[in-house]
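Note: the block below is data-v3.pdb and it holds PDB, C-alpha atoms and all ligand atoms.
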ATOM      1  CA  MET A   1       0.000   0.000   0.000  1.00  0.00           C
ATOM      2  CA  GLU A   2       1.173   3.483  -0.756  1.00  0.00           C
ATOM      3  CA  VAL A   3       0.152   6.699   1.015  1.00  0.00           C
ATOM      4  CA  CYS A   4       0.916  10.325   0.263  1.00  0.00           C
ATOM      5  CA  VAL A   5      -0.541  13.084   2.416  1.00  0.00           C
ATOM      6  CA  LEU A   6      -1.130  16.073   0.157  1.00  0.00           C
ATOM      7  CA  ALA A   7      -2.142  18.386   3.002  1.00  0.00           C
ATOM      8  CA  SER A   8      -3.082  18.033   6.662  1.00  0.00           C
ATOM      9  CA  GLY A   9      -4.475  20.728   8.958  1.00  0.00           C
ATOM     10  CA  SER A  10      -7.366  23.115   9.446  1.00  0.00           C
ATOM     11  CA  LYS A  11      -6.682  24.857   6.120  1.00  0.00           C
ATOM     12  CA  GLY A  12      -7.131  21.733   4.027  1.00  0.00           C
ATOM     13  CA  ASN A  13      -6.846  17.958   4.049  1.00  0.00           C
ATOM     14  CA  SER A  14      -6.344  15.314   1.387  1.00  0.00           C
ATOM     15  CA  VAL A  15      -4.693  11.902   1.528  1.00  0.00           C
ATOM     16  CA  TYR A  16      -3.788   9.700  -1.433  1.00  0.00           C
ATOM     17  CA  VAL A  17      -4.082   5.968  -0.794  1.00  0.00           C
ATOM     18  CA  SER A  18      -3.186   3.328  -3.352  1.00  0.00           C
ATOM     19  CA  GLY A  19      -3.495  -0.423  -2.872  1.00  0.00           C
ATOM     20  CA  GLY A  20      -5.005  -3.506  -4.445  1.00  0.00           C
ATOM     21  CA  GLY A  21      -4.948  -1.815  -7.848  1.00  0.00           C
ATOM     22  CA  THR A  22      -7.124   1.066  -6.602  1.00  0.00           C
ATOM     23  CA  ALA A  23      -6.068   4.704  -6.154  1.00  0.00           C
ATOM     24  CA  ILE A  24      -8.244   7.053  -4.104  1.00  0.00           C
ATOM     25  CA  LEU A  25      -8.225  10.302  -2.222  1.00  0.00           C
ATOM     26  CA  VAL A  26      -9.590  10.643   1.271  1.00  0.00           C
ATOM     27  CA  ASP A  27     -11.056  14.154   1.411  1.00  0.00           C
ATOM     28  CA  ALA A  28     -10.442  17.007  -0.997  1.00  0.00           C
ATOM     29  CA  GLY A  29     -10.154  20.068   1.190  1.00  0.00           C
ATOM     30  CA  LEU A  30      -7.871  22.304  -0.843  1.00  0.00           C
ATOM     31  CA  SER A  31      -8.821  24.337  -3.871  1.00  0.00           C
ATOM     32  CA  ALA A  32      -9.018  22.002  -6.863  1.00  0.00           C
ATOM     33  CA  ARG A  33      -6.129  23.878  -8.444  1.00  0.00           C
ATOM     34  CA  GLU A  34      -3.943  23.368  -5.365  1.00  0.00           C
ATOM     35  CA  LEU A  35      -5.001  19.733  -5.117  1.00  0.00           C
ATOM     36  CA  VAL A  36      -3.974  19.051  -8.718  1.00  0.00           C
ATOM     37  CA  SER A  37      -0.719  20.934  -8.193  1.00  0.00           C
ATOM     38  CA  ARG A  38       0.120  18.862  -5.131  1.00  0.00           C
ATOM     39  CA  LEU A  39      -0.743  15.590  -6.880  1.00  0.00           C
ATOM     40  CA  LYS A  40       1.653  16.585  -9.654  1.00  0.00           C
ATOM     41  CA  GLN A  41       4.337  17.475  -7.086  1.00  0.00           C
ATOM     42  CA  ALA A  42       3.954  13.938  -5.764  1.00  0.00           C
ATOM     43  CA  GLN A  43       4.148  12.611  -9.343  1.00  0.00           C
ATOM     44  CA  ILE A  44       0.624  11.233  -9.116  1.00  0.00           C
ATOM     45  CA  ALA A  45      -1.517  11.711 -12.235  1.00  0.00           C
ATOM     46  CA  PRO A  46      -4.888  13.194 -11.197  1.00  0.00           C
ATOM     47  CA  GLU A  47      -6.469  11.008 -13.893  1.00  0.00           C
ATOM     48  CA  SER A  48      -5.360   7.926 -11.946  1.00  0.00           C
ATOM     49  CA  ILE A  49      -7.633   8.770  -8.992  1.00  0.00           C
ATOM     50  CA  GLN A  50     -10.677   6.509  -9.149  1.00  0.00           C
ATOM     51  CA  ALA A  51     -12.656   7.762  -6.156  1.00  0.00           C
ATOM     52  CA  VAL A  52     -12.775  10.396  -3.438  1.00  0.00           C
ATOM     53  CA  LEU A  53     -14.031   9.311  -0.010  1.00  0.00           C
ATOM     54  CA  PHE A  54     -15.129  11.910   2.507  1.00  0.00           C
ATOM     55  CA  THR A  55     -14.657  11.713   6.270  1.00  0.00           C
ATOM     56  CA  HIS A  56     -17.045  14.584   7.047  1.00  0.00           C
ATOM     57  CA  ASP A  57     -18.609  17.745   5.706  1.00  0.00           C
ATOM     58  CA  HIS A  58     -16.300  20.455   7.088  1.00  0.00           C
ATOM     59  CA  SER A  59     -14.892  22.682   4.364  1.00  0.00           C
ATOM     60  CA  ASP A  60     -11.259  21.809   5.146  1.00  0.00           C
ATOM     61  CA  HIS A  61     -12.147  18.305   3.895  1.00  0.00           C
ATOM     62  CA  CYS A  62     -14.375  18.915   0.876  1.00  0.00           C
ATOM     63  CA  SER A  63     -13.825  22.338  -0.701  1.00  0.00           C
ATOM     64  CA  ALA A  64     -12.424  20.990  -4.008  1.00  0.00           C
ATOM     65  CA  ILE A  65     -15.270  18.612  -4.715  1.00  0.00           C
ATOM     66  CA  GLU A  66     -17.193  20.511  -7.381  1.00  0.00           C
ATOM     67  CA  VAL A  67     -14.304  21.688  -9.536  1.00  0.00           C
ATOM     68  CA  PHE A  68     -12.269  18.502  -9.123  1.00  0.00           C
ATOM     69  CA  CYS A  69     -15.054  16.085 -10.015  1.00  0.00           C
ATOM     70  CA  LYS A  70     -16.159  18.158 -12.999  1.00  0.00           C
ATOM     71  CA  ARG A  71     -12.611  17.951 -14.329  1.00  0.00           C
ATOM     72  CA  PHE A  72     -11.847  14.328 -13.452  1.00  0.00           C
ATOM     73  CA  PRO A  73     -14.386  11.481 -13.616  1.00  0.00           C
ATOM     74  CA  VAL A  74     -14.041  10.239 -10.042  1.00  0.00           C
ATOM     75  CA  ARG A  75     -16.539   8.316  -7.962  1.00  0.00           C
ATOM     76  CA  LEU A  76     -17.662  10.236  -4.872  1.00  0.00           C
ATOM     77  CA  LEU A  77     -18.343   8.265  -1.708  1.00  0.00           C
ATOM     78  CA  ALA A  78     -19.716   9.428   1.624  1.00  0.00           C
ATOM     79  CA  ASN A  79     -22.307   8.411   4.146  1.00  0.00           C
ATOM     80  CA  GLN A  80     -25.751   9.988   3.981  1.00  0.00           C
ATOM     81  CA  GLY A  81     -25.135  12.676   6.602  1.00  0.00           C
ATOM     82  CA  THR A  82     -21.846  13.792   5.087  1.00  0.00           C
ATOM     83  CA  SER A  83     -23.246  13.838   1.555  1.00  0.00           C
ATOM     84  CA  GLU A  84     -26.144  16.027   2.656  1.00  0.00           C
ATOM     85  CA  GLY A  85     -23.865  18.293   4.662  1.00  0.00           C
ATOM     86  CA  ILE A  86     -21.528  18.796   1.711  1.00  0.00           C
ATOM     87  CA  GLU A  87     -24.449  19.434  -0.657  1.00  0.00           C
ATOM     88  CA  GLN A  88     -25.662  22.276   1.544  1.00  0.00           C
ATOM     89  CA  SER A  89     -22.402  24.109   0.868  1.00  0.00           C
ATOM     90  CA  LEU A  90     -22.685  23.608  -2.910  1.00  0.00           C
ATOM     91  CA  LYS A  91     -24.850  26.058  -4.776  1.00  0.00           C
ATOM     92  CA  GLY A  92     -26.684  24.520  -7.705  1.00  0.00           C
ATOM     93  CA  PHE A  93     -24.474  21.450  -7.980  1.00  0.00           C
ATOM     94  CA  THR A  94     -25.583  17.989  -6.893  1.00  0.00           C
ATOM     95  CA  PRO A  95     -22.870  15.337  -6.944  1.00  0.00           C
ATOM     96  CA  GLU A  96     -23.718  11.782  -7.980  1.00  0.00           C
ATOM     97  CA  TRP A  97     -22.992  10.186  -4.643  1.00  0.00           C
ATOM     98  CA  GLU A  98     -22.329   6.581  -3.839  1.00  0.00           C
ATOM     99  CA  ILE A  99     -23.572   6.293  -0.276  1.00  0.00           C
ATOM    100  CA  PHE A 100     -21.917   3.922   2.174  1.00  0.00           C
ATOM    101  CA  GLU A 101     -23.191   2.935   5.586  1.00  0.00           C
ATOM    102  CA  THR A 102     -21.087   3.869   8.590  1.00  0.00           C
ATOM    103  CA  ALA A 103     -19.876   0.788  10.500  1.00  0.00           C
ATOM    104  CA  THR A 104     -19.888  -1.390   7.404  1.00  0.00           C
ATOM    105  CA  GLY A 105     -17.175  -2.503   5.028  1.00  0.00           C
ATOM    106  CA  PHE A 106     -17.108  -2.285   1.255  1.00  0.00           C
ATOM    107  CA  GLU A 107     -14.720  -2.983  -1.591  1.00  0.00           C
ATOM    108  CA  LEU A 108     -13.220  -0.532  -4.016  1.00  0.00           C
ATOM    109  CA  GLY A 109     -11.571  -2.861  -6.497  1.00  0.00           C
ATOM    110  CA  GLY A 110      -8.888  -4.650  -4.493  1.00  0.00           C
ATOM    111  CA  LEU A 111      -9.020  -2.202  -1.602  1.00  0.00           C
ATOM    112  CA  ARG A 112     -11.283  -3.044   1.333  1.00  0.00           C
ATOM    113  CA  VAL A 113     -12.653  -0.046   3.219  1.00  0.00           C
ATOM    114  CA  GLU A 114     -14.237   0.163   6.668  1.00  0.00           C
ATOM    115  CA  ALA A 115     -15.851   3.387   7.853  1.00  0.00           C
ATOM    116  CA  PHE A 116     -16.204   3.893  11.604  1.00  0.00           C
ATOM    117  CA  SER A 117     -17.802   6.657  13.651  1.00  0.00           C
ATOM    118  CA  VAL A 118     -15.694   9.285  15.378  1.00  0.00           C
ATOM    119  CA  SER A 119     -16.667  11.975  17.859  1.00  0.00           C
ATOM    120  CA  HIS A 120     -16.565  15.317  16.004  1.00  0.00           C
ATOM    121  CA  ASP A 121     -19.015  18.165  15.470  1.00  0.00           C
ATOM    122  CA  ALA A 122     -20.019  17.306  11.902  1.00  0.00           C
ATOM    123  CA  ALA A 123     -23.098  15.599  10.408  1.00  0.00           C
ATOM    124  CA  ASP A 124     -21.844  11.982  10.595  1.00  0.00           C
ATOM    125  CA  PRO A 125     -18.028  11.987  10.792  1.00  0.00           C
ATOM    126  CA  VAL A 126     -16.008   8.829  10.178  1.00  0.00           C
ATOM    127  CA  GLY A 127     -12.508   7.452  10.204  1.00  0.00           C
ATOM    128  CA  PHE A 128     -11.436   4.754   7.769  1.00  0.00           C
ATOM    129  CA  VAL A 129      -9.480   1.525   7.726  1.00  0.00           C
ATOM    130  CA  PHE A 130      -8.009   0.520   4.356  1.00  0.00           C
ATOM    131  CA  ASP A 131      -6.856  -3.042   3.722  1.00  0.00           C
ATOM    132  CA  ASP A 132      -5.193  -4.220   0.512  1.00  0.00           C
ATOM    133  CA  GLY A 133      -4.735  -7.776   1.734  1.00  0.00           C
ATOM    134  CA  ALA A 134      -1.185  -7.149   2.947  1.00  0.00           C
ATOM    135  CA  THR A 135      -1.382  -3.910   4.954  1.00  0.00           C
ATOM    136  CA  ARG A 136      -4.045  -2.239   7.071  1.00  0.00           C
ATOM    137  CA  LEU A 137      -3.989   1.541   7.398  1.00  0.00           C
ATOM    138  CA  CYS A 138      -6.182   3.461   9.860  1.00  0.00           C
ATOM    139  CA  LEU A 139      -7.054   7.104   9.258  1.00  0.00           C
ATOM    140  CA  ALA A 140      -8.342   8.823  12.408  1.00  0.00           C
ATOM    141  CA  THR A 141      -8.318  12.609  12.344  1.00  0.00           C
ATOM    142  CA  ASP A 142     -10.905  15.163  13.433  1.00  0.00           C
ATOM    143  CA  LEU A 143     -11.954  13.421  16.600  1.00  0.00           C
ATOM    144  CA  GLY A 144     -12.513  15.047  19.943  1.00  0.00           C
ATOM    145  CA  GLN A 145     -11.715  11.940  21.908  1.00  0.00           C
ATOM    146  CA  GLY A 146     -10.648   8.361  21.535  1.00  0.00           C
ATOM    147  CA  SER A 147     -13.198   5.603  22.049  1.00  0.00           C
ATOM    148  CA  PRO A 148     -13.091   1.824  22.374  1.00  0.00           C
ATOM    149  CA  LEU A 149     -14.066   1.671  18.702  1.00  0.00           C
ATOM    150  CA  VAL A 150     -11.209   3.943  17.580  1.00  0.00           C
ATOM    151  CA  ARG A 151      -8.786   1.992  19.760  1.00  0.00           C
ATOM    152  CA  ALA A 152      -9.947  -1.300  18.261  1.00  0.00           C
ATOM    153  CA  LYS A 153      -9.522   0.028  14.728  1.00  0.00           C
ATOM    154  CA  LEU A 154      -6.029   1.359  15.488  1.00  0.00           C
ATOM    155  CA  ALA A 155      -5.022  -1.886  17.195  1.00  0.00           C
ATOM    156  CA  GLY A 156      -5.621  -3.920  14.051  1.00  0.00           C
ATOM    157  CA  CYS A 157      -3.475  -1.772  11.783  1.00  0.00           C
ATOM    158  CA  HIS A 158       0.126  -1.707  10.557  1.00  0.00           C
ATOM    159  CA  ALA A 159       0.042   2.036  10.019  1.00  0.00           C
ATOM    160  CA  ALA A 160      -2.061   4.964  11.168  1.00  0.00           C
ATOM    161  CA  ILE A 161      -2.666   8.570  10.290  1.00  0.00           C
ATOM    162  CA  LEU A 162      -3.560   9.935  13.717  1.00  0.00           C
ATOM    163  CA  GLU A 163      -4.608  13.421  14.729  1.00  0.00           C
ATOM    164  CA  CYS A 164      -2.276  15.358  17.055  1.00  0.00           C
ATOM    165  CA  ASN A 165      -4.116  18.659  16.895  1.00  0.00           C
ATOM    166  CA  HIS A 166      -3.001  20.821  19.770  1.00  0.00           C
ATOM    167  CA  ASP A 167      -1.093  21.338  22.960  1.00  0.00           C
ATOM    168  CA  PRO A 168      -3.702  22.310  25.590  1.00  0.00           C
ATOM    169  CA  GLU A 169      -1.488  25.013  27.128  1.00  0.00           C
ATOM    170  CA  LEU A 170      -0.774  26.640  23.782  1.00  0.00           C
ATOM    171  CA  LEU A 171      -4.480  26.410  22.922  1.00  0.00           C
ATOM    172  CA  MET A 172      -5.580  28.120  26.132  1.00  0.00           C
ATOM    173  CA  ALA A 173      -2.849  30.786  25.818  1.00  0.00           C
ATOM    174  CA  SER A 174      -3.786  31.536  22.200  1.00  0.00           C
ATOM    175  CA  ASP A 175      -5.840  34.570  21.222  1.00  0.00           C
ATOM    176  CA  ARG A 176      -8.710  32.452  19.920  1.00  0.00           C
ATOM    177  CA  ALA A 177     -12.214  33.152  21.157  1.00  0.00           C
ATOM    178  CA  TRP A 178     -13.175  31.245  24.290  1.00  0.00           C
ATOM    179  CA  THR A 179     -15.996  29.448  22.465  1.00  0.00           C
ATOM    180  CA  LEU A 180     -13.554  28.222  19.810  1.00  0.00           C
ATOM    181  CA  LYS A 181     -11.075  27.043  22.461  1.00  0.00           C
ATOM    182  CA  THR A 182     -13.749  25.024  24.236  1.00  0.00           C
ATOM    183  CA  ARG A 183     -14.984  23.625  20.904  1.00  0.00           C
ATOM    184  CA  ILE A 184     -11.492  22.463  19.895  1.00  0.00           C
ATOM    185  CA  ALA A 185     -10.712  20.980  23.309  1.00  0.00           C
ATOM    186  CA  GLY A 186     -14.171  19.430  23.709  1.00  0.00           C
ATOM    187  CA  ARG A 187     -15.329  15.885  23.108  1.00  0.00           C
ATOM    188  CA  SER A 188     -16.486  16.730  19.598  1.00  0.00           C
ATOM    189  CA  GLY A 189     -13.479  18.828  18.668  1.00  0.00           C
ATOM    190  CA  HIS A 190      -9.897  17.816  18.058  1.00  0.00           C
ATOM    191  CA  LEU A 191      -7.426  15.462  19.697  1.00  0.00           C
ATOM    192  CA  SER A 192      -4.625  16.942  21.815  1.00  0.00           C
ATOM    193  CA  ASN A 193      -1.088  15.579  21.709  1.00  0.00           C
ATOM    194  CA  ALA A 194      -1.611  13.937  25.103  1.00  0.00           C
ATOM    195  CA  ASP A 195      -4.906  12.370  23.969  1.00  0.00           C
ATOM    196  CA  ALA A 196      -3.192  11.027  20.853  1.00  0.00           C
ATOM    197  CA  ALA A 197      -0.322   9.622  22.913  1.00  0.00           C
ATOM    198  CA  GLU A 198      -2.840   7.944  25.219  1.00  0.00           C
ATOM    199  CA  LEU A 199      -4.616   6.430  22.211  1.00  0.00           C
ATOM    200  CA  VAL A 200      -1.276   5.108  20.955  1.00  0.00           C
ATOM    201  CA  ARG A 201      -0.495   3.660  24.382  1.00  0.00           C
ATOM    202  CA  THR A 202      -3.847   1.942  24.762  1.00  0.00           C
ATOM    203  CA  SER A 203      -4.124   0.624  21.199  1.00  0.00           C
ATOM    204  CA  LEU A 204      -0.537  -0.419  20.596  1.00  0.00           C
ATOM    205  CA  SER A 205      -0.189  -3.804  18.929  1.00  0.00           C
ATOM    206  CA  GLU A 206       2.778  -5.727  17.588  1.00  0.00           C
ATOM    207  CA  ARG A 207       1.554  -4.951  14.086  1.00  0.00           C
ATOM    208  CA  LEU A 208       2.136  -1.223  14.272  1.00  0.00           C
ATOM    209  CA  ARG A 209       5.080  -0.036  12.150  1.00  0.00           C
ATOM    210  CA  THR A 210       4.268   3.519  11.077  1.00  0.00           C
ATOM    211  CA  LEU A 211       2.504   6.488  12.687  1.00  0.00           C
ATOM    212  CA  LEU A 212       1.842   9.673  10.732  1.00  0.00           C
ATOM    213  CA  LEU A 213       0.837  12.580  12.983  1.00  0.00           C
ATOM    214  CA  ALA A 214      -1.855  14.693  11.363  1.00  0.00           C
ATOM    215  CA  HIS A 215      -4.027  17.817  11.507  1.00  0.00           C
ATOM    216  CA  LEU A 216      -1.584  19.792  13.689  1.00  0.00           C
ATOM    217  CA  SER A 217      -2.803  23.260  14.621  1.00  0.00           C
ATOM    218  CA  ASP A 218      -0.509  25.882  13.100  1.00  0.00           C
ATOM    219  CA  THR A 219      -0.694  28.173  16.149  1.00  0.00           C
ATOM    220  CA  CYS A 220      -1.440  25.814  19.058  1.00  0.00           C
ATOM    221  CA  ASN A 221       1.035  23.032  18.369  1.00  0.00           C
ATOM    222  CA  THR A 222       4.506  22.342  17.053  1.00  0.00           C
ATOM    223  CA  PRO A 223       5.867  19.248  15.303  1.00  0.00           C
ATOM    224  CA  ALA A 224       8.372  18.857  18.165  1.00  0.00           C
ATOM    225  CA  LEU A 225       5.631  18.777  20.834  1.00  0.00           C
ATOM    226  CA  ALA A 226       3.520  16.273  18.898  1.00  0.00           C
ATOM    227  CA  LEU A 227       6.534  14.042  18.208  1.00  0.00           C
ATOM    228  CA  ALA A 228       7.692  14.191  21.828  1.00  0.00           C
ATOM    229  CA  ALA A 229       4.287  13.144  23.202  1.00  0.00           C
ATOM    230  CA  VAL A 230       3.881  10.177  20.865  1.00  0.00           C
ATOM    231  CA  ARG A 231       7.509   9.079  21.028  1.00  0.00           C
ATOM    232  CA  GLN A 232       7.341   9.073  24.832  1.00  0.00           C
ATOM    233  CA  ALA A 233       4.334   6.729  24.719  1.00  0.00           C
ATOM    234  CA  LEU A 234       6.175   4.421  22.311  1.00  0.00           C
ATOM    235  CA  ARG A 235       9.390   4.522  24.368  1.00  0.00           C
ATOM    236  CA  ALA A 236       7.482   3.616  27.540  1.00  0.00           C
ATOM    237  CA  ALA A 237       6.094   0.602  25.693  1.00  0.00           C
ATOM    238  CA  GLY A 238       9.514  -0.418  24.369  1.00  0.00           C
ATOM    239  CA  ARG A 239       8.439   0.360  20.800  1.00  0.00           C
ATOM    240  CA  GLU A 240      10.999   2.876  19.584  1.00  0.00           C
ATOM    241  CA  ASP A 241      11.131   0.847  16.372  1.00  0.00           C
ATOM    242  CA  VAL A 242       7.825   2.398  15.219  1.00  0.00           C
ATOM    243  CA  ARG A 243       8.459   5.038  12.579  1.00  0.00           C
ATOM    244  CA  VAL A 244       6.835   8.383  13.472  1.00  0.00           C
ATOM    245  CA  GLU A 245       6.512  11.297  11.043  1.00  0.00           C
ATOM    246  CA  VAL A 246       4.715  14.639  11.310  1.00  0.00           C
ATOM    247  CA  LEU A 247       2.517  15.720   8.401  1.00  0.00           C
ATOM    248  CA  SER A 248       2.338  19.267   7.118  1.00  0.00           C
ATOM    249  CA  GLN A 249      -0.283  21.741   6.026  1.00  0.00           C
ATOM    250  CA  SER A 250       1.946  23.360   3.460  1.00  0.00           C
ATOM    251  CA  ARG A 251       4.069  20.519   2.112  1.00  0.00           C
ATOM    252  CA  VAL A 252       3.279  17.269   0.315  1.00  0.00           C
ATOM    253  CA  SER A 253       4.575  14.284   2.261  1.00  0.00           C
ATOM    254  CA  GLU A 254       6.823  11.658   0.836  1.00  0.00           C
ATOM    255  CA  ARG A 255       5.102   8.665  -0.757  1.00  0.00           C
ATOM    256  CA  PHE A 256       5.133   6.204   2.124  1.00  0.00           C
ATOM    257  CA  VAL A 257       5.242   2.542   1.129  1.00  0.00           C
ATOM    258  CA  LEU A 258       3.575   0.785   4.033  1.00  0.00           C
TER
HETATM  259 ZN    ZN A 301     -10.423  19.032   9.739  1.00  0.00          ZN
HETATM  260 ZN    ZN A 302     -13.711  18.784  11.035  1.00  0.00          ZN
END
Let's see the structure in the file written out as structure tokens.
Amino acid sequence: MEVCVLASGSKGNSVYVSGGGTAILVDAGLSARELVSRLKQAQIAPESIQAVLFTHDHSDHCSAIEVFCKRFPVRLLANQGTSEGIEQSLKGFTPEWEIFETATGFELGGLRVEAFSVSHDAADPVGFVFDDGATRLCLATDLGQGSPLVRAKLAGCHAAILECNHDPELLMASDRAWTLKTRIAGRSGHLSNADAAELVRTSLSERLRTLLLAHLSDTCNTPALALAAVRQALRAAGREDVRVEVLSQSRVSERFVL
């Protein structure tokens, strides 16, 4: 399986996943022009993308949908709540959705997909597990808290893209409005570094090889803080062999072969 994170953070998210002969994007939250530019930077032909799957209906995950799917003939997949939420932001354009049920699995060619519920203030937000028969990848970003379900999904995977959104002290010291601070830190907001480290600690299995830290706040976190929190959890468990990388809002990641 191959993964390339085109962007990660509150200004836009999109992840390329390729496995089992299928190439997809998870979310398309940049401008379509920027999305195409970043695919080209990663030497991925936009025409090779067969489908876009959406985690939820916030604009940092879906803003490219109209322009991108008019230009490239991709399948669009979301659950009912997310599809309706995204449609509300589109004026006069109705995508041809393929609706999946949350908590079920489905196949996209040779790639098996499971969508699972996460706690976030969107219509019906999900994380995903992708399985190409050799590798299982969990994508869990935009979640206010871990849950037994999220832990179980992480525990079965060889690799994970896991949210490390903020450092609580930097969040509270920031000049954001109080209501926004409580939203971010709340149970339906975003995962702190410490919460992410705790999720790693409590879901750690022998399978895990790669952790990609995602959706970092640009003002209330630093790559060093996120890395330190997660690496400490891995060190305490004797798992310093797990590769940990921090993803970026502004830069395309390397193409990780998982
Ligand atoms: Zn987001
Ligand atoms: Zn969100």
Original post:
Of the residues A:Arg187, A:His215, A:Arg201, A:Arg207, which is the one nearest to A:Gly156, using all atoms listed in the file?
Top reply: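 Closest candidate: A:Arg207.
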Original post:
A:Thr210, A:Asn79, A:Ser203, A:Asn193: which is nearest A:Phe256, counting only C-alpha atoms?
Top reply: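 Smallest separation from A:Phe256 among the options: A:Thr210.
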**OP:** Name the residues, by chain letter and number, that sit within 9 Å of ligand ZN 302 (chain A) using all atoms listed in the file, and give them as a PyMOL selection string.
**Re:** chain A and resi 10+55-61+120-122+125+141-143+189-190
Subject >> Picked residues, the PyMOL selection byres (((chain A and resi 154) around 12) and not hetatm), expected as number ranges by chain >> reply: A: 116, 127-130, 136-141, 146-153, 155-162, 196, 199-211
Original post:
In terms of the shortest atom-to-atom distance over all atoms listed in the file, which of A:Ser31, A:Ser37, A:Ser217, A:Thr104 is closest to ligand ZN 301 (chain A)?
Top reply: A:Ser217
